[in-house]
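File shown here: work.cif, holding mmCIF, C-alpha atoms.
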data_coords
#
loop_
_atom_site.label_atom_id
_atom_site.label_comp_id
_atom_site.auth_asym_id
_atom_site.auth_seq_id
_atom_site.Cartn_x
_atom_site.Cartn_y
_atom_site.Cartn_z
CA MET A 23 41.45 108.52 71.62
CA ASN A 24 38.33 106.47 70.88
CA LEU A 25 39.42 103.44 68.89
CA PRO A 26 37.06 101.40 66.71
CA ASP A 27 35.72 98.31 68.45
CA ARG A 28 37.28 96.15 65.73
CA TRP A 29 40.55 95.91 67.64
CA ARG A 30 38.73 94.15 70.50
CA ALA A 31 37.68 91.36 68.14
CA TRP A 32 41.14 90.90 66.63
CA ARG A 33 42.69 87.48 67.15
CA PRO A 34 46.25 86.44 66.33
CA PRO A 35 46.59 84.30 63.20
CA ALA A 36 46.72 80.54 63.48
CA GLY A 37 50.23 79.31 64.10
CA TRP A 38 51.25 82.15 66.40
CA ILE A 39 52.34 81.19 69.91
CA ARG A 40 50.11 82.82 72.54
CA ILE A 41 51.30 83.13 76.15
CA LEU A 42 49.06 84.61 78.86
CA SER A 43 50.73 86.08 81.91
CA VAL A 44 50.06 88.26 84.91
CA ASP A 45 52.94 90.64 85.52
CA ALA A 46 53.84 91.75 89.03
CA HIS A 47 56.72 93.26 90.93
CA VAL A 48 58.09 92.26 94.32
CA GLY A 49 59.98 95.06 95.98
CA GLY A 50 60.61 96.46 92.49
CA GLU A 51 61.81 93.15 91.03
CA PRO A 52 59.75 91.99 88.02
CA LEU A 53 57.89 88.70 87.97
CA ARG A 54 56.10 87.53 84.83
CA VAL A 55 53.76 84.77 85.98
CA ILE A 56 52.92 82.56 82.99
CA MET A 57 49.40 81.26 83.48
CA HIS A 58 48.72 79.70 80.07
CA GLY A 59 50.57 78.74 76.91
CA PHE A 60 53.81 77.22 78.19
CA PRO A 61 54.07 73.54 77.19
CA ASP A 62 53.13 70.97 79.81
CA LEU A 63 56.19 69.59 81.58
CA GLU A 64 56.39 65.96 82.64
CA GLY A 65 57.96 64.50 85.76
CA ASN A 66 57.13 63.60 89.33
CA ALA A 67 59.58 66.21 90.68
CA VAL A 68 60.00 69.85 89.72
CA LEU A 69 63.71 69.27 89.13
CA GLN A 70 62.73 66.73 86.47
CA ARG A 71 60.42 69.28 84.91
CA ARG A 72 63.23 71.81 85.07
CA ARG A 73 65.51 69.44 83.15
CA GLU A 74 62.83 68.99 80.48
CA ALA A 75 62.39 72.74 80.20
CA ILE A 76 66.15 73.21 79.77
CA GLU A 77 66.39 70.49 77.13
CA ARG A 78 63.23 71.18 75.11
CA HIS A 79 61.83 74.65 75.81
CA ASP A 80 64.75 76.96 76.39
CA ALA A 81 63.99 78.88 73.19
CA LEU A 82 60.56 79.75 74.57
CA ARG A 83 62.13 80.96 77.81
CA ARG A 84 64.39 83.28 75.83
CA ALA A 85 61.43 84.54 73.80
CA VAL A 86 59.43 85.60 76.87
CA MET A 87 62.36 86.79 79.00
CA TRP A 88 64.60 88.52 76.44
CA GLU A 89 63.99 91.57 74.29
CA PRO A 90 61.78 92.64 72.58
CA ARG A 91 59.18 91.04 74.92
CA GLY A 92 61.32 91.33 78.03
CA HIS A 93 64.73 92.71 78.94
CA ALA A 94 68.07 91.71 80.43
CA ASP A 95 66.75 91.88 84.01
CA MET A 96 63.39 90.21 83.39
CA TYR A 97 62.32 87.39 85.70
CA GLY A 98 59.41 84.99 85.40
CA CYS A 99 57.83 81.70 86.34
CA VAL A 100 55.49 79.01 85.08
CA VAL A 101 52.64 77.79 87.30
CA MET A 102 52.08 74.03 87.07
CA PRO A 103 50.15 71.27 88.87
CA PRO A 104 51.68 70.07 92.16
CA VAL A 105 53.95 67.04 92.40
CA THR A 106 53.51 66.28 96.11
CA PRO A 107 50.31 65.65 98.10
CA VAL A 108 50.96 68.61 100.43
CA ALA A 109 51.30 71.21 97.66
CA ASP A 110 48.61 73.27 95.95
CA ALA A 111 50.71 74.01 92.87
CA SER A 112 54.26 73.81 91.59
CA VAL A 113 56.32 76.59 90.07
CA LEU A 114 59.35 76.77 87.80
CA PHE A 115 61.30 80.03 87.83
CA MET A 116 63.19 81.49 84.86
CA HIS A 117 65.52 84.40 84.09
CA ASN A 118 67.86 85.69 81.39
CA GLU A 119 70.23 82.70 81.60
CA GLY A 120 68.02 79.71 82.34
CA PHE A 121 65.73 78.17 84.94
CA SER A 122 66.23 78.81 88.66
CA THR A 123 66.22 76.22 91.44
CA MET A 124 64.35 78.52 93.85
CA CYS A 125 63.27 82.15 94.11
CA GLY A 126 62.05 83.95 97.22
CA HIS A 127 60.70 87.05 95.53
CA GLY A 128 59.06 84.69 93.07
CA VAL A 129 57.21 82.84 95.84
CA ILE A 130 55.94 86.12 97.29
CA GLY A 131 54.86 87.31 93.86
CA VAL A 132 53.24 84.14 92.55
CA VAL A 133 51.26 83.61 95.76
CA THR A 134 49.98 87.19 95.52
CA VAL A 135 49.00 86.66 91.89
CA LEU A 136 47.30 83.30 92.47
CA ILE A 137 45.17 84.71 95.28
CA GLU A 138 44.32 88.12 93.85
CA THR A 139 43.35 86.69 90.45
CA GLY A 140 41.06 84.12 92.08
CA VAL A 141 43.01 80.96 91.25
CA PHE A 142 42.94 80.23 94.98
CA GLN A 143 40.30 81.48 97.37
CA ALA A 144 41.28 84.50 99.44
CA ASP A 145 40.60 83.49 103.05
CA GLU A 146 40.95 86.22 105.65
CA PRO A 147 42.99 86.95 107.66
CA GLU A 148 45.40 84.35 106.25
CA THR A 149 45.58 82.11 103.20
CA VAL A 150 48.12 79.29 103.21
CA ILE A 151 49.47 77.94 99.90
CA GLY A 152 51.98 75.14 99.47
CA LEU A 153 54.32 75.23 96.47
CA ASP A 154 56.59 72.58 95.01
CA THR A 155 59.79 74.19 93.66
CA PRO A 156 62.92 72.65 92.15
CA ALA A 157 64.68 73.04 95.51
CA GLY A 158 61.80 71.49 97.47
CA PHE A 159 58.48 72.26 99.12
CA VAL A 160 57.80 75.72 100.55
CA GLU A 161 54.76 76.91 102.47
CA ALA A 162 53.58 80.48 102.09
CA THR A 163 51.15 82.38 104.29
CA ALA A 164 49.47 85.41 102.76
CA ARG A 165 48.01 88.12 104.99
CA VAL A 166 44.72 89.02 103.35
CA GLU A 167 42.55 92.08 103.99
CA GLY A 168 39.57 93.06 101.88
CA GLY A 169 40.41 90.43 99.28
CA ARG A 170 43.87 91.92 98.78
CA VAL A 171 47.17 90.29 99.69
CA ARG A 172 48.99 92.72 101.97
CA SER A 173 52.11 90.60 102.52
CA VAL A 174 53.41 87.06 102.12
CA GLU A 175 55.73 85.14 104.44
CA PHE A 176 57.07 81.76 103.39
CA VAL A 177 58.98 78.96 105.07
CA ASN A 178 61.86 78.25 102.74
CA VAL A 179 63.85 75.10 102.13
CA PRO A 180 66.62 74.52 104.72
CA SER A 181 69.59 76.86 104.27
CA PHE A 182 73.17 76.12 105.20
CA VAL A 183 76.74 77.39 105.05
CA LEU A 184 79.31 75.79 102.78
CA ASP A 185 82.22 78.05 103.78
CA LEU A 186 83.03 81.03 105.97
CA ASP A 187 85.76 83.60 105.33
CA ALA A 188 87.11 81.90 102.23
CA GLU A 189 89.35 83.87 99.87
CA VAL A 190 89.73 83.95 96.12
CA GLU A 191 91.83 85.94 93.68
CA VAL A 192 89.50 88.02 91.48
CA PRO A 193 90.90 89.76 88.37
CA GLY A 194 90.62 93.50 88.82
CA LEU A 195 89.68 93.23 92.48
CA GLY A 196 92.59 91.35 94.03
CA ARG A 197 92.21 88.96 96.93
CA VAL A 198 88.53 88.90 97.98
CA ARG A 199 87.08 87.37 101.11
CA TYR A 200 83.67 85.71 100.76
CA ASP A 201 81.19 83.41 102.48
CA LEU A 202 79.41 80.66 100.57
CA ALA A 203 75.87 79.69 101.58
CA PHE A 204 72.76 78.01 100.17
CA GLY A 205 69.28 79.51 100.52
CA GLY A 206 67.59 77.61 97.69
CA ALA A 207 70.55 78.51 95.47
CA PHE A 208 74.22 79.07 96.24
CA TYR A 209 75.62 82.58 96.60
CA ALA A 210 79.03 84.05 97.32
CA TYR A 211 78.54 86.81 99.91
CA VAL A 212 81.01 89.70 99.84
CA ARG A 213 81.14 92.85 101.92
CA ALA A 214 80.71 95.72 99.49
CA ALA A 215 83.29 97.87 101.29
CA ASP A 216 85.94 95.17 100.78
CA VAL A 217 85.77 95.68 97.01
CA GLY A 218 85.18 99.44 97.05
CA LEU A 219 81.50 99.39 96.14
CA SER A 220 78.72 101.68 97.25
CA LEU A 221 75.36 99.88 97.00
CA VAL A 222 73.36 102.58 95.22
CA PRO A 223 71.64 102.55 91.80
CA GLU A 224 74.20 104.97 90.37
CA GLU A 225 76.89 102.31 90.88
CA VAL A 226 75.00 99.48 89.19
CA GLY A 227 77.50 99.15 86.32
CA ARG A 228 80.39 98.61 88.72
CA ILE A 229 78.26 96.30 90.88
CA VAL A 230 77.42 94.08 87.90
CA GLY A 231 81.06 93.92 86.79
CA ALA A 232 82.28 93.03 90.26
CA GLY A 233 79.49 90.50 90.79
CA ARG A 234 80.28 88.70 87.58
CA ALA A 235 84.00 88.69 88.34
CA VAL A 236 83.51 87.24 91.81
CA LYS A 237 81.11 84.58 90.54
CA ARG A 238 83.52 83.49 87.82
CA ALA A 239 86.47 83.41 90.21
CA VAL A 240 84.71 81.42 92.93
CA ALA A 241 83.13 78.96 90.48
CA GLY A 242 86.49 78.45 88.82
CA ALA A 243 88.42 78.00 92.05
CA ARG A 244 86.32 75.37 93.83
CA PRO A 245 83.49 72.88 93.48
CA VAL A 246 80.07 74.04 94.65
CA ARG A 247 78.14 70.88 95.51
CA HIS A 248 74.81 70.30 97.15
CA PRO A 249 74.97 67.24 99.44
CA LEU A 250 71.60 65.84 98.37
CA ASP A 251 71.05 66.68 94.70
CA PRO A 252 73.69 67.46 92.06
CA ASP A 253 71.20 69.60 90.08
CA LEU A 254 71.32 72.13 92.92
CA GLY A 255 75.11 72.26 92.98
CA PHE A 256 76.16 75.41 91.12
CA LEU A 257 76.98 79.00 92.02
CA TYR A 258 73.99 81.16 91.11
CA GLY A 259 75.30 84.60 91.96
CA THR A 260 77.16 87.10 94.10
CA ILE A 261 75.53 89.07 96.91
CA PHE A 262 77.15 92.27 98.10
CA VAL A 263 76.28 93.25 101.66
CA GLY A 264 76.51 96.76 103.01
CA PRO A 265 74.95 99.17 105.49
CA ALA A 266 71.28 100.05 105.26
CA ARG A 267 70.38 103.50 103.95
CA GLY A 268 66.87 103.73 105.40
CA PRO A 269 65.64 103.62 108.98
CA GLY A 270 64.55 100.29 110.42
CA ALA A 271 66.67 98.03 108.21
CA GLY A 272 69.82 96.34 109.43
CA SER A 273 71.68 95.96 106.14
CA ARG A 274 71.44 96.11 102.36
CA ASN A 275 71.66 93.19 99.91
CA VAL A 276 72.46 93.61 96.21
CA CYS A 277 72.42 90.37 94.27
CA VAL A 278 74.02 89.90 90.85
CA PHE A 279 72.80 86.56 89.52
CA ALA A 280 72.39 84.52 86.35
CA ASP A 281 73.96 86.42 83.41
CA GLY A 282 74.58 89.71 85.23
CA GLU A 283 70.99 90.30 86.35
CA VAL A 284 70.57 92.72 89.26
CA ASP A 285 67.82 91.95 91.75
CA ARG A 286 65.73 94.99 92.64
CA SER A 287 64.40 93.16 95.70
CA PRO A 288 66.51 92.10 98.71
CA THR A 289 66.56 88.53 97.25
CA GLY A 290 64.54 85.99 99.24
CA THR A 291 66.94 83.11 98.73
CA GLY A 292 69.78 85.51 99.49
CA VAL A 293 68.17 86.54 102.78
CA SER A 294 67.76 82.84 103.57
CA GLY A 295 71.46 82.25 103.01
CA ARG A 296 72.25 85.29 105.14
CA LEU A 297 70.22 83.81 107.99
CA ALA A 298 72.30 80.63 107.78
CA LEU A 299 75.49 82.71 107.86
CA HIS A 300 74.36 84.85 110.81
CA HIS A 301 73.25 81.78 112.72
CA ALA A 302 76.57 80.01 112.08
CA ARG A 303 78.38 83.02 113.54
CA GLY A 304 76.09 83.18 116.56
CA GLU A 305 74.57 86.51 115.44
CA VAL A 306 70.94 85.40 114.88
CA ASP A 307 69.17 82.82 117.01
CA VAL A 308 65.94 80.89 116.48
CA GLY A 309 63.00 83.31 116.53
CA GLU A 310 65.08 86.42 115.86
CA THR A 311 64.32 88.64 112.87
CA ILE A 312 66.47 90.68 110.51
CA VAL A 313 65.33 93.35 108.05
CA VAL A 314 67.23 93.59 104.78
CA GLU A 315 66.76 96.32 102.16
CA SER A 316 67.47 96.25 98.45
CA LEU A 317 69.19 98.45 95.91
CA VAL A 318 65.99 100.45 95.54
CA GLY A 319 65.13 100.50 99.24
CA SER A 320 62.46 97.78 99.33
CA ARG A 321 62.59 95.37 102.27
CA PHE A 322 62.25 91.74 103.22
CA THR A 323 62.11 90.37 106.73
CA GLY A 324 63.92 87.17 107.61
CA SER A 325 63.91 84.95 110.68
CA VAL A 326 65.19 81.56 111.77
CA ALA A 327 62.22 79.27 112.38
CA ALA A 328 64.21 76.20 113.45
CA ARG A 329 67.50 74.35 113.28
CA THR A 330 67.98 71.30 111.12
CA THR A 331 70.62 69.59 108.97
CA VAL A 332 71.19 69.12 105.25
CA GLY A 333 73.42 66.10 104.74
CA PRO A 334 76.49 66.75 106.89
CA TYR A 335 75.83 70.48 107.27
CA PRO A 336 74.09 72.25 110.16
CA ALA A 337 71.21 74.24 108.68
CA VAL A 338 68.37 76.59 109.52
CA VAL A 339 64.76 76.73 108.39
CA PRO A 340 64.30 80.34 107.24
CA LYS A 341 61.16 82.44 107.07
CA VAL A 342 61.15 85.33 104.62
CA GLY A 343 58.45 87.96 104.14
CA GLY A 344 57.64 90.80 101.75
CA ASP A 345 54.91 92.19 99.53
CA ALA A 346 54.05 92.23 95.84
CA HIS A 347 51.87 94.20 93.46
CA ILE A 348 50.22 93.20 90.20
CA ILE A 349 51.13 95.60 87.41
CA GLY A 350 49.48 94.14 84.34
CA ARG A 351 47.94 91.35 82.31
CA ASN A 352 49.91 90.36 79.26
CA GLU A 353 49.14 88.44 76.08
CA ILE A 354 52.54 87.62 74.62
CA LEU A 355 52.48 86.78 70.92
CA ILE A 356 55.23 85.09 68.94
CA ASP A 357 54.86 85.39 65.19
CA PRO A 358 56.75 82.50 63.50
CA GLU A 359 57.75 84.92 60.72
CA ASP A 360 59.21 87.47 63.17
CA PRO A 361 63.02 87.56 62.68
CA PHE A 362 63.37 88.32 66.42
CA ARG A 363 60.90 85.68 67.58
CA ALA A 364 63.62 83.92 69.61
CA GLY A 365 64.60 87.10 71.46
CA PHE A 366 67.90 88.90 71.92
CA LEU A 367 69.74 90.89 74.56
CA ILE A 368 71.45 94.27 74.32
CA ARG A 369 72.94 95.72 77.49
#
Encoded form using structure tokens:
Amino acid sequence: MNLPDRWRAWRPPAGWIRILSVDAHVGGEPLRVIMHGFPDLEGNAVLQRRREAIERHDALRRAVMWEPRGHADMYGCVVMPPVTPVADASVLFMHNEGFSTMCGHGVIGVVTVLIETGVFQADEPETVIGLDTPAGFVEATARVEGGRVRSVEFVNVPSFVLDLDAEVEVPGLGRVRYDLAFGGAFYAYVRAADVGLSLVPEEVGRIVGAGRAVKRAVAGARPVRHPLDPDLGFLYGTIFVGPARGPGAGSRNVCVFADGEVDRSPTGTGVSGRLALHHARGEVDVGETIVVESLVGSRFTGSVAARTTVGPYPAVVPKVGGDAHIIGRNEILIDPEDPFRAGFLIR
């Protein structure tokens, strides 16, 4: 249909909020990269900016993440100036419940977006970008061919194990064994077979219910504290681990995080925590690589780059890699007279 050119000249009325984003997916997981329109956040650390966003701009997060502009499993981030001399930019991640402390798929996606849209020059064969995140500095290396980002591998914040083979009573599931590890956020890791789950899309309703139940039970049964920063000390989600369904992968991750969101990717912070767990059990050494697939079959690689410590805990420096694809440019408009301007969720 040939539309009149008048629509091209249309501008939203004064007083409307206008947010510009580039939308991408990382292994099937959405990432709405907000490039313009989110209020400037103050602070000389991203965790300080995160606190300001929680206190002053949470309504805007809901508006761009929730329906009708988003959905219950939407994920996004805001690109900001760096806070450390070694970084090129900083990033604050958001989801249906609040603002994340770190996001691996988000790093892969935002680096792809920043290079492919020309914010940073695409140097071949590799472009290195440093990002300040709430959990700390991460360095990402993009493999670039023909001006396109083919894959991104990043060195994550140190990851460590808080507990191995712990048990908790979960309503509806009984006594559940879990591991607790940090990969930029804390997750309870549970073997899917132990709770009768098959990690396939058709089972997503049961996976969400079990993930929420485990998260509530673990968070209610014990403290989850980060040894260096209390803002990082909370249980973000549950990761169910099961056998891979495609050739070349060693296992499958399905992460239920925030308010029952299901990650379509293998979860970069979750893979980082898995590397810490495998290393603690003597299953993965420095330099060794694992391949983890997601609920939809997409894959991340993970390897242990080095050993280190976080407070009193032995830790590893993880490397995680994957690929992303831009799927659209978005001008999000919020009409102050819209009765649903603040967003809502229906599951």
Residue contacts of stretch 337-347 of chain A (8 Å, all atoms listed in the file) excluding same-chain residues fewer than 3 positions away, as a VMD selection string: chain A and resid 46 to 49 126 to 127 130 to 131 134 171 to 183 290 293 to 294 297 to 298 301 321 to 332
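The spacing separating atom CA of A:Glu359 from atom CA of A:Ile39 amounts to 11.3 Å.
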Shortest interatomic distance to A:Glu191 - which of A:Val308, A:Val132, A:Ala31, A:Ala241, counting all atoms listed in the file: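 Counting all atoms listed in the file, the residue closest to A:Glu191 is A:Ala241.
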Name the residues within 10 Å of (65.2, 101.1, 97.2), counting only C-alpha atoms in the file's coordinates, and put them as a PDB file with C-alpha atoms, keeping the file's coordinate frame.
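Written file, out-v4.pdb:
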ATOM      1  CA  GLY A  49      59.980  95.060  95.980  1.00  0.00           C
ATOM      2  CA  GLY A  50      60.610  96.460  92.490  1.00  0.00           C
ATOM      3  CA  VAL A 222      73.360 102.580  95.220  1.00  0.00           C
ATOM      4  CA  PRO A 223      71.640 102.550  91.800  1.00  0.00           C
ATOM      5  CA  ARG A 267      70.380 103.500 103.950  1.00  0.00           C
ATOM      6  CA  GLY A 268      66.870 103.730 105.400  1.00  0.00           C
ATOM      7  CA  ARG A 274      71.440  96.110 102.360  1.00  0.00           C
ATOM      8  CA  ARG A 286      65.730  94.990  92.640  1.00  0.00           C
ATOM      9  CA  SER A 287      64.400  93.160  95.700  1.00  0.00           C
ATOM     10  CA  PRO A 288      66.510  92.100  98.710  1.00  0.00           C
ATOM     11  CA  GLU A 315      66.760  96.320 102.160  1.00  0.00           C
ATOM     12  CA  SER A 316      67.470  96.250  98.450  1.00  0.00           C
ATOM     13  CA  LEU A 317      69.190  98.450  95.910  1.00  0.00           C
ATOM     14  CA  VAL A 318      65.990 100.450  95.540  1.00  0.00           C
ATOM     15  CA  GLY A 319      65.130 100.500  99.240  1.00  0.00           C
ATOM     16  CA  SER A 320      62.460  97.780  99.330  1.00  0.00           C
ATOM     17  CA  ARG A 321      62.590  95.370 102.270  1.00  0.00           C
TER      18      ARG A 321
END
As a tab-separated table (two decimals) with C-alpha atoms, in the coordinates of the input, please: the residues near A:Gly98 (cut-off 7 Å, all atoms listed in the file, same-chain neighbours under 4 positions excluded).
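Output below, filename out26.tsv:
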chain	number	residue	atom	x	y	z
A	53	LEU	CA	57.89	88.70	87.97
A	54	ARG	CA	56.10	87.53	84.83
A	55	VAL	CA	53.76	84.77	85.98
A	115	PHE	CA	61.30	80.03	87.83
A	116	MET	CA	63.19	81.49	84.86
A	117	HIS	CA	65.52	84.40	84.09
Residue members of the PyMOL selection byres ((chain A and resi 118-122) around 9) in the file shown, as an MDAnalysis selection string: chainID A and resid 72:73 75:76 80 83:84 87:88 93:97 99 114:117 123:125 156 207 258 280:283 367
Restrict the selected residues to C-alpha atoms and save them as a JSON list (two decimals), in the frame of the given file.
[["chain", "number", "residue", "atom", "x", "y", "z"],
["A", 72, "ARG", "CA", 63.23, 71.81, 85.07],
["A", 73, "ARG", "CA", 65.51, 69.44, 83.15],
["A", 75, "ALA", "CA", 62.39, 72.74, 80.20],
["A", 76, "ILE", "CA", 66.15, 73.21, 79.77],
["A", 80, "ASP", "CA", 64.75, 76.96, 76.39],
["A", 83, "ARG", "CA", 62.13, 80.96, 77.81],
["A", 84, "ARG", "CA", 64.39, 83.28, 75.83],
["A", 87, "MET", "CA", 62.36, 86.79, 79.00],
["A", 88, "TRP", "CA", 64.60, 88.52, 76.44],
["A", 93, "HIS", "CA", 64.73, 92.71, 78.94],
["A", 94, "ALA", "CA", 68.07, 91.71, 80.43],
["A", 95, "ASP", "CA", 66.75, 91.88, 84.01],
["A", 96, "MET", "CA", 63.39, 90.21, 83.39],
["A", 97, "TYR", "CA", 62.32, 87.39, 85.70],
["A", 99, "CYS", "CA", 57.83, 81.70, 86.34],
["A", 114, "LEU", "CA", 59.35, 76.77, 87.80],
["A", 115, "PHE", "CA", 61.30, 80.03, 87.83],
["A", 116, "MET", "CA", 63.19, 81.49, 84.86],
["A", 117, "HIS", "CA", 65.52, 84.40, 84.09],
["A", 123, "THR", "CA", 66.22, 76.22, 91.44],
["A", 124, "MET", "CA", 64.35, 78.52, 93.85],
["A", 125, "CYS", "CA", 63.27, 82.15, 94.11],
["A", 156, "PRO", "CA", 62.92, 72.65, 92.15],
["A", 207, "ALA", "CA", 70.55, 78.51, 95.47],
["A", 258, "TYR", "CA", 73.99, 81.16, 91.11],
["A", 280, "ALA", "CA", 72.39, 84.52, 86.35],
["A", 281, "ASP", "CA", 73.96, 86.42, 83.41],
["A", 282, "GLY", "CA", 74.58, 89.71, 85.23],
["A", 283, "GLU", "CA", 70.99, 90.30, 86.35],
["A", 367, "LEU", "CA", 69.74, 90.89, 74.56]]
Once the PyMOL selection byres ((chain A and resi 333) around 9) has been evaluated on this model, what residues remain selected, and can you format them as a CSV table (one decimal) with C-alpha atoms, in the frame of the given file?
chain,number,residue,atom,x,y,z
A,248,HIS,CA,74.8,70.3,97.2
A,249,PRO,CA,75.0,67.2,99.4
A,250,LEU,CA,71.6,65.8,98.4
A,331,THR,CA,70.6,69.6,109.0
A,332,VAL,CA,71.2,69.1,105.2
A,334,PRO,CA,76.5,66.8,106.9
A,335,TYR,CA,75.8,70.5,107.3
A,336,PRO,CA,74.1,72.2,110.2
Within 9 Å of stretch 61-64 of chain A using all atoms listed in the file, minus same-chain residues under 3 positions, as a VMD selection string: chain A and resid 58 67 to 68 70 to 72 74 to 75 79 102
Proximity to A:Pro252 - best of A:Ala109, A:Ile356, A:Ala157, A:Ile56, only C-alpha atoms: A:Ala157
d(atom CA of A:Arg165, atom CA of A:Thr149) in Å: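 Result for atom CA of A:Arg165 versus atom CA of A:Thr149: 6.7 Å, one decimal.
A straight line drawn from atom CA of A:Val314 to atom CA of A:Glu224 is 19.6 Å long.
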Selection under test: the PyMOL selection byres ((chain A and resi 234-239) around 10); residues as a PyMOL selection string: chain A and resi 190-195+198-200+209-212+228-233+240-244+257-261+278-283
Completed stretch 99-119 of chain A (N, CA and C atoms) as a CSV table (one decimal), keeping the file's coordinate frame:
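Output (out-v2.csv):
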chain,number,residue,atom,x,y,z
A,99,CYS,N,58.1,83.1,85.8
A,99,CYS,CA,57.8,81.7,86.3
A,99,CYS,C,56.7,81.1,85.6
A,100,VAL,N,56.6,79.8,85.6
A,100,VAL,CA,55.5,79.0,85.1
A,100,VAL,C,54.8,78.3,86.2
A,101,VAL,N,53.4,78.5,86.3
A,101,VAL,CA,52.6,77.8,87.3
A,101,VAL,C,52.2,76.5,86.7
A,102,MET,N,52.4,75.4,87.5
A,102,MET,CA,52.1,74.0,87.1
A,102,MET,C,51.3,73.3,88.2
A,103,PRO,N,50.8,72.1,87.8
A,103,PRO,CA,50.2,71.3,88.9
A,103,PRO,C,51.2,70.8,89.9
A,104,PRO,N,50.7,70.5,91.1
A,104,PRO,CA,51.7,70.1,92.2
A,104,PRO,C,52.3,68.7,91.9
A,105,VAL,N,53.4,68.4,92.5
A,105,VAL,CA,54.0,67.0,92.4
A,105,VAL,C,53.9,66.3,93.7
A,106,THR,N,53.6,66.9,94.8
A,106,THR,CA,53.5,66.3,96.1
A,106,THR,C,52.1,66.5,96.7
A,107,PRO,N,51.7,65.6,97.6
A,107,PRO,CA,50.3,65.6,98.1
A,107,PRO,C,50.1,66.9,99.0
A,108,VAL,N,51.1,67.5,99.5
A,108,VAL,CA,51.0,68.6,100.4
A,108,VAL,C,50.9,69.9,99.7
A,109,ALA,N,51.2,70.0,98.4
A,109,ALA,CA,51.3,71.2,97.7
A,109,ALA,C,50.0,71.5,97.0
A,110,ASP,N,49.8,72.8,96.7
A,110,ASP,CA,48.6,73.3,96.0
A,110,ASP,C,49.0,73.5,94.5
A,111,ALA,N,50.2,73.8,94.2
A,111,ALA,CA,50.7,74.0,92.9
A,111,ALA,C,52.2,73.8,92.9
A,112,SER,N,52.8,73.8,91.7
A,112,SER,CA,54.3,73.8,91.6
A,112,SER,C,54.6,75.0,90.7
A,113,VAL,N,55.9,75.4,90.8
A,113,VAL,CA,56.3,76.6,90.1
A,113,VAL,C,57.8,76.4,89.6
A,114,LEU,N,58.0,76.8,88.4
A,114,LEU,CA,59.4,76.8,87.8
A,114,LEU,C,59.7,78.2,87.4
A,115,PHE,N,60.9,78.7,88.0
A,115,PHE,CA,61.3,80.0,87.8
A,115,PHE,C,62.3,80.1,86.7
A,116,MET,N,62.3,81.3,86.0
A,116,MET,CA,63.2,81.5,84.9
A,116,MET,C,63.7,82.9,84.9
A,117,HIS,N,64.9,83.1,84.1
A,117,HIS,CA,65.5,84.4,84.1
A,117,HIS,C,66.3,84.5,82.8
A,118,ASN,N,67.2,85.4,82.7
A,118,ASN,CA,67.9,85.7,81.4
A,118,ASN,C,68.8,84.6,81.0
A,119,GLU,N,69.2,83.7,81.9
A,119,GLU,CA,70.2,82.7,81.6
A,119,GLU,C,69.7,81.3,81.6
